[in-house]
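All remarks here apply to the structure that follows.
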Amino acid sequence: MRNKTTVSSIISVTLLAGVLANPASAGEGEGEALGLVSWMGRLQYYAHKLGLAVNAENRALQGYYLHEVEEVIEHIEEIREADGIEIGKLIKANLVPAFEALEGAVETGDKARVSLAYDGLLAACNACHRAANRPYIHIVRRSDNPYVQDFAPLS
């Protein structure tokens, strides 16, 4: 009986850890609408992975995560208002131009330009947060890798 309880506890903790470690899948359901905080969690998740791909100079992986970030931005653009703030308009004014600059930089393959444009994307996130009266949400470039994924290009 004790072994069944231990195994059950381990499985429960593992499943919970998986959901907490991957906000990209948290709350997903058929036809379920996610709120702003959930979409921002996804954006942060994919933007961090994109940054790790930028740091590793892995152009293929940069393209993959650019696509994921773009999809999340498109969903956030559809949010008209949250807490009295016009989210879609802020995203279009701040984040979309920075994202498009990053997209163009990745297409060129110029490593310095890509890195600079990624920093520009994060700066746009912070500008958007300030415009939304949320300056305490401050995004920074991180180089630590909490994932079990290697971001280096394949040889």
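Ordering of the structure tokens sets the chain letters (A, B, ...); residue numbers start at 1 within each chain; ligands are numbered from 1 in the order shown.
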Residues within 8 Å of stretch 57-73 of chain A, only C-alpha atoms, excluding chain neighbours under 3 positions, as a short mmCIF file (atom, residue, chain, number, x, y, z; two decimals) with N, CA and C atoms, in the first residue's frame:
data_model
loop_
_atom_site.label_atom_id
_atom_site.label_comp_id
_atom_site.auth_asym_id
_atom_site.auth_seq_id
_atom_site.Cartn_x
_atom_site.Cartn_y
_atom_site.Cartn_z
N TRP A 39 -1.81 34.53 -21.96
CA TRP A 39 -1.11 34.82 -23.22
C TRP A 39 0.25 35.46 -22.96
N ARG A 42 2.65 32.79 -22.08
CA ARG A 42 3.12 32.11 -23.30
C ARG A 42 4.15 32.95 -24.02
N LEU A 43 3.88 34.25 -24.13
CA LEU A 43 4.81 35.13 -24.81
C LEU A 43 6.17 35.12 -24.11
N TYR A 46 7.97 31.67 -24.84
CA TYR A 46 8.55 31.55 -26.17
C TYR A 46 9.62 32.61 -26.43
N ALA A 47 9.44 33.79 -25.90
CA ALA A 47 10.46 34.84 -26.08
C ALA A 47 11.76 34.45 -25.38
N LYS A 49 12.83 31.33 -24.89
CA LYS A 49 13.43 30.31 -25.74
C LYS A 49 14.01 30.93 -27.01
N LEU A 50 13.34 31.92 -27.55
CA LEU A 50 13.87 32.63 -28.71
C LEU A 50 15.20 33.29 -28.35
N ALA A 53 17.91 30.81 -28.31
CA ALA A 53 18.29 30.47 -29.69
C ALA A 53 19.15 31.58 -30.30
N VAL A 54 18.83 32.83 -29.98
CA VAL A 54 19.64 33.96 -30.45
C VAL A 54 21.04 33.86 -29.85
N ILE A 76 -2.80 38.07 -28.71
CA ILE A 76 -2.87 39.19 -27.78
C ILE A 76 -3.45 40.43 -28.47
N GLU A 77 -3.14 40.60 -29.75
CA GLU A 77 -3.69 41.72 -30.51
C GLU A 77 -5.22 41.69 -30.52
N ILE A 91 -0.23 46.71 -28.28
CA ILE A 91 0.59 45.67 -28.91
C ILE A 91 0.95 46.09 -30.33
N VAL A 96 4.53 44.97 -32.21
CA VAL A 96 4.54 44.51 -33.60
C VAL A 96 5.71 45.09 -34.40
N PHE A 99 8.84 43.32 -33.28
CA PHE A 99 8.84 41.93 -33.74
C PHE A 99 9.21 41.87 -35.22
N GLU A 103 12.21 39.87 -36.98
CA GLU A 103 11.94 38.93 -38.06
C GLU A 103 12.84 39.22 -39.27
N VAL A 106 16.50 38.26 -38.47
CA VAL A 106 16.73 36.81 -38.54
C VAL A 106 16.83 36.37 -40.00
N GLY A 109 20.32 36.84 -41.25
CA GLY A 109 21.35 35.99 -40.67
C GLY A 109 22.49 36.75 -40.01
N LYS A 111 24.27 38.08 -37.23
CA LYS A 111 24.19 37.76 -35.81
C LYS A 111 24.09 38.99 -34.92
N PHE A 151 20.14 24.42 -27.10
CA PHE A 151 19.80 25.43 -28.10
C PHE A 151 20.88 25.60 -29.16
N ALA A 152 21.98 24.88 -29.04
CA ALA A 152 23.06 24.98 -30.01
C ALA A 152 22.63 24.40 -31.35
N PRO A 153 23.12 24.99 -32.43
CA PRO A 153 22.78 24.43 -33.76
C PRO A 153 23.38 23.04 -33.90
#
Sorted by chain and rising residue number, which residues of stretch 23-96 of chain A lie within 8 Å of stretch 124-140 of chain A, and what are their closest atom pairs and distances in Å to one decimal, counting only C-alpha atoms, as a tab-separated table?
residue	atom	partner	partner_atom	distance
A:Ile85	CA	A:Ala132	CA	6.3
A:Ile87	CA	A:Ala132	CA	8.0
A:Leu90	CA	A:Cys128	CA	6.2
A:Ile91	CA	A:Cys128	CA	7.0
A:Asn94	CA	A:Ala124	CA	5.5
A:Leu95	CA	A:Ala124	CA	5.3
Worksheet item: Given the choices A:Ala117, A:Ala82, A:Ala93, A:Leu122, which gets closest to A:His48 if the distance is worked out from only C-alpha atoms?
Response: A:Leu122
Practice prompt. Could you give me, as an MDAnalysis selection string, each residue of stretch 14-116 of chain A that DSSP assigns to alpha helix (DSSP H) when run on this structure's backbone?
Written response: chainID A and resid 14:21 36:55 59:77 87:90 96:108 111:116
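Residue nearest A:Tyr45 within the list A:Ser155, A:Val114, A:Asn145, A:Ala101: A:Asn145 [criterion: smallest interatomic distance, only C-alpha atoms].
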Practice prompt. Kindly give the distance, in Å, that separates atom CA of A:Asn55 and atom CA of A:Gly120, rounded to a single decimal.
Written response: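 Answer for the atom CA of A:Asn55 to atom CA of A:Gly120 separation: 14.6 Å.
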Worksheet item: atom CA of A:Leu52 and atom CA of A:Val148, how far apart in Å?
Response: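 These atoms are spaced 12.4 Å apart.
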